[in-house]
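> Structure incoming, see below.
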Amino acid sequence: MRSFIIKEFYHIFRDIRSMVVLFGMPVIQVLLFGFALSTEIKNAPVAIIDQSNDQVTRAITSKLLSSGFFILSDQVPGEGHIDEVFRRGKVKEVIIFESDFSKKLEKDHRAGIQLIADASDPNTANLLVSYTSAIILDYQQEYLKGMSLPLTVKTESQMMYNPALKSVFMFVPGVITILLMLITAMMTSISIAREKELGTMEILLVSPMRPIQIIAGKVLPYVLLAFSNAVIILLLSYFVLGMPVKGSLFLLLAESLLFIIMALSLGIFISTVSKSQQMAMMLSMFALMLPTILLSGFIFPIENMPLPLQVISNLMPPRWFIIIVKSIMIKGLGFQYIWKETLIIAGMALFFIALSIKKFKIRLE
Amino acid sequence: MKIIEVENLVKKFGNFVANDHLTFSVDEGEIYGFLGANGAGKTTAMKILCGLSAPTSGKVLVAGYDVYTQTEMIKKRIGYMSQRFSLFEDLSVWENFQFFGGIYGLPAAKIRERTTELLGRLGLESEKNQILGSLPLGWKQKLAFSVAIIHQPSIVFLDEPTGGVDPITRRQFWEIIYETANQGITVFVTTHYMDEAEYCRRVSIMADGKIVALDTPANLKAKYQAANIEEVFLKIARG
């Protein structure tokens with residue numbers, strides 16, 4: 001058993017491809033998702049057409065521009081040129097103050113601001129408009145200070161757990177999940193398939209080693225590697241991306257270990273049904289990667305999916321692990337809140353282990 | 001003493017009968033050749049003897065153990081070298097020996113002793129730190145054979161061991177097989193090189209899942225009035 005594990009480490013450390021997948025990919029992915037794929041808006045170019053240019057409009061303009069979300073791009077000469085500006089792609093949003101803004105505000109207690117956003121990118125357009133409205137509303141409240149209106153409904157919203165709405169909070173749990181899933185399931189399935197392809201599996205099966213020992217010998221090194229990967233990802237997200245760990249670190253690591261074991265048993269299962277390394281790779285890419293990304297709730301909210309997909313997403317192990325990671329890292333919840341998800345993952349692990357042991361035996365017949 | 005006893009061995013895959021009532025036995029310490037064309041059922045029979053595959057019916061004893069119930073005991077007593085070359089290409093010669101010694105449960109000192117001894121016999125001590133993938137095929141094949149006997153099994157099964165190597169290396173390979181047999185290890189070898197059959201003490205010839213001839217090479221040649229085993233084989237094949 002010991003010699004088996006040593007041998008497996010030789011395989012991994014001598015293969016540049018495996019090394020890159022094991023250690024390069026996590027770092028790159030975490031940094032990519034953390035920095036490049038941000039859904040926050042920073043410095044969006046906007047144009048402002050101020051037809052009254054008075055004290056109030058200037059105050060609102062400076063409040064908008066000092067928020068950090070917007071920067072003022074080229075001046076737009078007039079309303080007739082808005083189309084052209086959008087077409088050139090120079091600005092994402094145009095803000096238009098109507099003429100005699102402050103006079104109307106004093107006299108009629110109402111004045112109009114028009115927001116026009118480039119909705120060829122609908123998410124950004126939505127965000128821009130809501131950011132702008134929020135800032136204008138904020139100004140309005142300051143302006144009204146002192147005066148009291150007869151009746152106002154005031155909504156006060158609070159963003160729990162992630163007050164700054166940082167997208168890192170959303171991505172890190174997803175990235176950890178995808179990486180653990182991919183590395184462990186893909187690497188184990190490929191390494192077992194390689195032994196089959198090269199014929200060394202036959203030699204192992206003729207030896208006095210039991211199938212369960214062979215599998216354990218192949219898998220243990222990957223448990224260690226995947227676990228150290230999980231630690232690397234957590235360190236990166238903590239120190240580089242500023243992701244907090246509010247709950248128990250021990251619980252988080254224990255849950256990661258459970259998830260790794262689940263992914264490994266899935267990898268073993270894939271290898272028992274595939275005859276070559278290529279097939280194992282394709283199976284893990286298409287059968288694991290895409291559903292993991294699309295159906296786990298990592299990017300697309302499960303609540304918005306049509307019912308059949310929602311049902312299928314229940315079968316995706318990553319879905320449950322993402323919930324666990326979010327609960328521990330962001331909400332700081334304890335085990336009593338995630339035991340159900342834990343149980344589901346443990347059940348899936350048992351299922352795949354039982355299935356692959358059965359498959360493995362059949363192959364010996 | 002018989003080290004392998006097979007009576008009426010049948011192996012079916014669905015309707016296809018790969019081994020049709022095979023009966024033969026192998027004496028301890030002999031070199032036994034298992035000949036036949038591709039697809040005659042040689043590899044299937046060998047896999048059953050190694051405990052890799054279960055027979056459909058018939059009695060099979062290897063080293064005194066039953067293949068139906070005692071495969072674990074059999075596996076400790078046998079060595080196996082497969083048709084496809086099968087050591088780890090990305091490990092060094094030394095590491096391969098360490099690994100295979102390890103999975104047979106040999107203590108570290110014993111592995112070192114056997115490795116040194118076997119490499120010495122091949123004259124490959126100086127290559128022990130070479131990565132296996134960089135060595136020529138003939139050497140790899142000899143190394144694979146040495147690995148198969150690292151745990152000093154009672155029987156070693158060789159499945160077409162000399163496929164794809166040059167005549168000189170084949171010759172050397174057979175010298176090593178002889179040395180091994182002289183140490184009391186029984187050698188069970190399948191091949192489709194008919195000239196190699198002459199090196200065996202006894203051979204059986206398989207066709208369509210049946211054993212159609214079984215005797216010493218000299219007796220077979222006399223019986224079929226042939227100059228060599230190849231002729232014997234062709235006469236049998238033509239019926």
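Chain labels run A, B, ... following the order of the structure tokens; each chain numbers its residues from 1, and ligands are numbered from 1 in the order shown.
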List as number ranges by chain the protein and nucleic acid residues near range 276-283 of chain A, meaning an atom at most 8 Å away when only C-alpha atoms are counted, but skip any in the same chain fewer than 5 places from it.

A: 186, 189-191, 193-194, 196-197, 270-271, 288

> Output the contact residues of chain A with respect to chain B at a cut-off of 7 Å, based on only C-alpha atoms, as an MDAnalysis selection string.

chainID A and resid 1 3:4 7 11 198:200 203 205:209 364:365

> Keeping only C-alpha atoms, write the selected residues to a file as a CSV table (one decimal), in the first residue's frame.


```
chain,number,residue,atom,x,y,z
A,1,MET,CA,0.0,0.0,0.0
A,3,SER,CA,4.7,1.6,-2.3
A,4,PHE,CA,1.5,2.2,-4.2
A,7,LYS,CA,4.4,5.3,-7.1
A,11,HIS,CA,3.4,9.6,-11.7
A,198,LEU,CA,-1.3,0.8,-20.7
A,199,GLY,CA,-2.1,-2.7,-19.4
A,200,THR,CA,-0.6,-2.2,-16.0
A,203,ILE,CA,-0.7,-6.8,-13.7
A,205,LEU,CA,-5.2,-7.4,-10.7
A,206,VAL,CA,-3.1,-10.5,-10.9
A,207,SER,CA,-1.2,-9.4,-7.8
A,208,PRO,CA,-2.5,-10.3,-4.4
A,209,MET,CA,-3.8,-6.8,-3.9
A,364,LEU,CA,-12.8,-9.1,-13.2
A,365,GLU,CA,-15.2,-11.7,-14.5
```

> Counting only C-alpha atoms, what is within 8 Å of range 293-305 of chain A, bar same-chain residues fewer than 4 positions away, as an mmCIF file with C-alpha atoms, in the first residue's frame?


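Just written: selection.cif:
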```cif
data_model
loop_
_atom_site.group_PDB
_atom_site.id
_atom_site.type_symbol
_atom_site.label_atom_id
_atom_site.label_comp_id
_atom_site.auth_asym_id
_atom_site.auth_seq_id
_atom_site.Cartn_x
_atom_site.Cartn_y
_atom_site.Cartn_z
ATOM 1 C CA MET A 170 -20.597 34.742 -4.973
ATOM 2 C CA PHE A 171 -17.701 33.425 -7.039
ATOM 3 C CA GLY A 174 -18.446 28.327 -6.802
ATOM 4 C CA ILE A 178 -15.730 23.506 -9.453
ATOM 5 C CA MET A 289 -17.930 20.443 -15.831
ATOM 6 C CA LEU A 309 -33.964 21.704 -14.583
ATOM 7 C CA GLN A 310 -34.607 22.565 -10.962
ATOM 8 C CA ILE A 312 -32.113 17.873 -12.116
ATOM 9 C CA SER A 313 -30.083 20.423 -10.225
ATOM 10 C CA MET A 316 -25.769 17.928 -8.786
ATOM 11 C CA PRO A 317 -23.438 17.398 -5.853
ATOM 12 C CA PRO A 318 -21.872 20.861 -6.306
ATOM 13 C CA ARG A 319 -25.214 22.515 -5.680
ATOM 14 C CA TRP A 320 -25.189 21.294 -2.096
ATOM 15 C CA ILE A 322 -21.933 25.595 -2.684
#
```

> Which is closer to Leu252 in chain A than all the others in A:Leu115, A:Val223, A:Val325, A:Ala125, using only C-alpha atoms?

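The answer is A:Val325, which sits nearest to Leu252 in chain A.
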
> From a DSSP calculation on the backbone, collect every residue of range 25-226 of chain B in helix (DSSP H, G or I) and output the set as an MDAnalysis selection string.

chainID B and resid 42:49 71:77 93:103 108:122 125:127 132:134 137:148 167:182 194:197 217:224

> Between CA of Met187 in chain A and CA of Asn314 in chain A, what distance in Å does the model show, to one decimal?

24.6 Å

> Please provide as a list in words all residues within 10 Å of His21 in chain B, with the sequence filter that same-chain residues fewer than 4 positions apart are discarded (counting only C-alpha atoms).

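That gives Val6, Glu7, Asn8, Leu9, Val10, Lys11, Val17, Ser57, Gly58, Gly209, Lys210 and Ile211 of chain B.
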
> Write the residues you've just listed into a file as an mmCIF file, in the first residue's frame, and include N, CA and C atoms for each of them.


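File produced: result.cif:
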```cif
data_model
loop_
_atom_site.group_PDB
_atom_site.id
_atom_site.type_symbol
_atom_site.label_atom_id
_atom_site.label_comp_id
_atom_site.auth_asym_id
_atom_site.auth_seq_id
_atom_site.Cartn_x
_atom_site.Cartn_y
_atom_site.Cartn_z
ATOM 1 N N VAL B 6 -5.992 -29.147 -14.979
ATOM 2 C CA VAL B 6 -7.212 -28.629 -15.596
ATOM 3 C C VAL B 6 -7.998 -29.799 -16.164
ATOM 4 N N GLU B 7 -9.276 -29.888 -15.769
ATOM 5 C CA GLU B 7 -10.127 -30.951 -16.317
ATOM 6 C C GLU B 7 -11.424 -30.363 -16.839
ATOM 7 N N ASN B 8 -11.674 -30.576 -18.117
ATOM 8 C CA ASN B 8 -12.932 -30.139 -18.740
ATOM 9 C C ASN B 8 -13.262 -28.669 -18.506
ATOM 10 N N LEU B 9 -12.235 -27.826 -18.627
ATOM 11 C CA LEU B 9 -12.460 -26.383 -18.458
ATOM 12 C C LEU B 9 -13.274 -25.822 -19.624
ATOM 13 N N VAL B 10 -14.386 -25.149 -19.286
ATOM 14 C CA VAL B 10 -15.209 -24.496 -20.305
ATOM 15 C C VAL B 10 -15.339 -23.031 -19.951
ATOM 16 N N LYS B 11 -15.143 -22.159 -20.926
ATOM 17 C CA LYS B 11 -15.403 -20.732 -20.717
ATOM 18 C C LYS B 11 -16.241 -20.233 -21.877
ATOM 19 N N VAL B 17 -18.061 -20.028 -27.387
ATOM 20 C CA VAL B 17 -17.288 -20.898 -26.504
ATOM 21 C C VAL B 17 -15.804 -20.635 -26.754
ATOM 22 N N SER B 57 -17.280 -23.668 -16.325
ATOM 23 C CA SER B 57 -17.371 -24.942 -15.614
ATOM 24 C C SER B 57 -16.053 -25.690 -15.767
ATOM 25 N N GLY B 58 -15.909 -26.774 -15.025
ATOM 26 C CA GLY B 58 -14.683 -27.560 -15.085
ATOM 27 C C GLY B 58 -13.840 -27.380 -13.841
ATOM 28 N N GLY B 209 -10.682 -23.051 -29.675
ATOM 29 C CA GLY B 209 -11.083 -23.271 -28.294
ATOM 30 C C GLY B 209 -10.794 -24.670 -27.769
ATOM 31 N N LYS B 210 -10.268 -25.562 -28.646
ATOM 32 C CA LYS B 210 -9.979 -26.930 -28.175
ATOM 33 C C LYS B 210 -8.478 -27.183 -28.217
ATOM 34 N N ILE B 211 -8.023 -28.099 -27.343
ATOM 35 C CA ILE B 211 -6.636 -28.559 -27.457
ATOM 36 C C ILE B 211 -6.627 -29.700 -28.454
#
```

> In range 4-238 of chain B, what's strand (DSSP E) per DSSP? Answer as an MDAnalysis selection string?

chainID B and resid 4:13 16:27 31:36 57:62 65:66 78:81 155:159 186:191 202:207 210:215

> Keeping only C-alpha atoms, write the selected residues as a PDB file, in the first residue's frame.


```
ATOM      1  CA  ILE B   4      -1.509 -26.997 -12.759  1.00  0.00           C
ATOM      2  CA  GLU B   5      -4.392 -29.425 -13.195  1.00  0.00           C
ATOM      3  CA  VAL B   6      -7.212 -28.629 -15.596  1.00  0.00           C
ATOM      4  CA  GLU B   7     -10.127 -30.951 -16.317  1.00  0.00           C
ATOM      5  CA  ASN B   8     -12.932 -30.139 -18.740  1.00  0.00           C
ATOM      6  CA  LEU B   9     -12.460 -26.383 -18.458  1.00  0.00           C
ATOM      7  CA  VAL B  10     -15.209 -24.496 -20.305  1.00  0.00           C
ATOM      8  CA  LYS B  11     -15.403 -20.732 -20.717  1.00  0.00           C
ATOM      9  CA  LYS B  12     -18.303 -19.184 -22.568  1.00  0.00           C
ATOM     10  CA  PHE B  13     -18.940 -15.557 -23.455  1.00  0.00           C
ATOM     11  CA  PHE B  16     -19.334 -18.039 -27.932  1.00  0.00           C
ATOM     12  CA  VAL B  17     -17.288 -20.898 -26.504  1.00  0.00           C
ATOM     13  CA  ALA B  18     -13.750 -19.596 -25.982  1.00  0.00           C
ATOM     14  CA  ASN B  19     -12.474 -22.689 -24.174  1.00  0.00           C
ATOM     15  CA  ASP B  20     -14.133 -25.964 -25.040  1.00  0.00           C
ATOM     16  CA  HIS B  21     -13.477 -28.765 -22.498  1.00  0.00           C
ATOM     17  CA  LEU B  22      -9.745 -28.233 -22.007  1.00  0.00           C
ATOM     18  CA  THR B  23      -7.929 -30.972 -20.100  1.00  0.00           C
ATOM     19  CA  PHE B  24      -4.208 -30.744 -19.414  1.00  0.00           C
ATOM     20  CA  SER B  25      -1.702 -30.623 -16.593  1.00  0.00           C
ATOM     21  CA  VAL B  26       1.651 -28.972 -16.071  1.00  0.00           C
ATOM     22  CA  ASP B  27       4.484 -30.569 -14.099  1.00  0.00           C
ATOM     23  CA  ILE B  31       8.472 -25.122 -19.464  1.00  0.00           C
ATOM     24  CA  TYR B  32       5.027 -25.609 -20.925  1.00  0.00           C
ATOM     25  CA  GLY B  33       4.166 -24.034 -24.268  1.00  0.00           C
ATOM     26  CA  PHE B  34       0.649 -23.029 -25.111  1.00  0.00           C
ATOM     27  CA  LEU B  35       0.452 -22.603 -28.884  1.00  0.00           C
ATOM     28  CA  GLY B  36      -2.307 -21.558 -31.188  1.00  0.00           C
ATOM     29  CA  SER B  57     -17.371 -24.942 -15.614  1.00  0.00           C
ATOM     30  CA  GLY B  58     -14.683 -27.560 -15.085  1.00  0.00           C
ATOM     31  CA  LYS B  59     -12.013 -28.255 -12.487  1.00  0.00           C
ATOM     32  CA  VAL B  60      -8.985 -25.944 -12.336  1.00  0.00           C
ATOM     33  CA  LEU B  61      -6.255 -26.243  -9.699  1.00  0.00           C
ATOM     34  CA  VAL B  62      -3.231 -23.936  -9.706  1.00  0.00           C
ATOM     35  CA  TYR B  65      -5.532 -24.129  -5.026  1.00  0.00           C
ATOM     36  CA  ASP B  66      -8.985 -23.975  -6.591  1.00  0.00           C
ATOM     37  CA  ILE B  78       2.088 -16.804  -9.437  1.00  0.00           C
ATOM     38  CA  GLY B  79       3.838 -14.218 -11.566  1.00  0.00           C
ATOM     39  CA  TYR B  80       2.328 -12.767 -14.728  1.00  0.00           C
ATOM     40  CA  MET B  81       3.716 -10.939 -17.715  1.00  0.00           C
ATOM     41  CA  ILE B 155       4.672 -20.497 -11.600  1.00  0.00           C
ATOM     42  CA  VAL B 156       5.193 -17.635 -13.991  1.00  0.00           C
ATOM     43  CA  PHE B 157       2.695 -17.029 -16.788  1.00  0.00           C
ATOM     44  CA  LEU B 158       4.084 -15.374 -19.907  1.00  0.00           C
ATOM     45  CA  ASP B 159       1.532 -14.167 -22.441  1.00  0.00           C
ATOM     46  CA  THR B 186       7.429 -23.475 -13.592  1.00  0.00           C
ATOM     47  CA  VAL B 187       7.065 -21.498 -16.826  1.00  0.00           C
ATOM     48  CA  PHE B 188       3.767 -21.417 -18.674  1.00  0.00           C
ATOM     49  CA  VAL B 189       4.177 -19.555 -21.939  1.00  0.00           C
ATOM     50  CA  THR B 190       1.854 -18.735 -24.824  1.00  0.00           C
ATOM     51  CA  THR B 191       3.335 -17.858 -28.171  1.00  0.00           C
ATOM     52  CA  ARG B 202       5.896 -29.994 -23.697  1.00  0.00           C
ATOM     53  CA  VAL B 203       3.488 -28.043 -25.853  1.00  0.00           C
ATOM     54  CA  SER B 204      -0.212 -28.052 -26.475  1.00  0.00           C
ATOM     55  CA  ILE B 205      -1.694 -26.691 -29.663  1.00  0.00           C
ATOM     56  CA  MET B 206      -5.071 -24.976 -29.525  1.00  0.00           C
ATOM     57  CA  ALA B 207      -7.515 -24.362 -32.352  1.00  0.00           C
ATOM     58  CA  LYS B 210      -9.979 -26.930 -28.175  1.00  0.00           C
ATOM     59  CA  ILE B 211      -6.636 -28.559 -27.457  1.00  0.00           C
ATOM     60  CA  VAL B 212      -5.934 -30.544 -30.608  1.00  0.00           C
ATOM     61  CA  ALA B 213      -2.452 -31.849 -29.752  1.00  0.00           C
ATOM     62  CA  LEU B 214      -0.396 -32.163 -26.577  1.00  0.00           C
ATOM     63  CA  ASP B 215       3.037 -33.730 -26.280  1.00  0.00           C
TER      64      ASP B 215
END
```

> Pick out the closest residue to Trp94 in chain B from this set: B:Thr69, B:Ser126, B:Thr43, B:Asn38. Count only C-alpha atoms.

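Counting only C-alpha atoms, the residue closest to Trp94 in chain B is B:Ser126.
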
> Extract, using only C-alpha atoms, all DNA, RNA and protein residues at most 12 Å from Pro136 in chain B, discarding same-chain residues fewer than 4 positions from it, and format them as a compact mmCIF listing (two decimals) with C-alpha atoms, in the first residue's frame.


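Ended up saving to part-v2.txt:
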```
# COMPACT_ATOMS: atom_id res chain seq x y z
CA PHE B 85 4.36 -4.49 -22.25
CA GLU B 89 7.09 4.02 -18.31
CA GLU B 127 20.66 1.44 -15.92
CA GLN B 130 17.05 5.27 -16.04
CA ILE B 131 13.44 6.14 -16.70
CA LEU B 132 11.92 3.03 -18.20
CA LYS B 140 11.92 -3.48 -21.18
CA GLN B 141 10.63 -6.93 -21.97
CA LYS B 142 13.43 -8.59 -20.03
CA LEU B 143 12.79 -6.21 -17.14
CA GLY B 164 7.79 -7.50 -31.47
CA VAL B 165 11.40 -8.09 -30.44
CA ASP B 166 14.34 -8.98 -32.66
CA THR B 169 16.75 -10.54 -28.00
```

> Would you work out the distance separating CA of Pro244 in chain A from CA of Leu32 in chain A, expressed in Å to one decimal?

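Spanning CA of Pro244 in chain A to CA of Leu32 in chain A is a straight-line distance of 18.4 Å.
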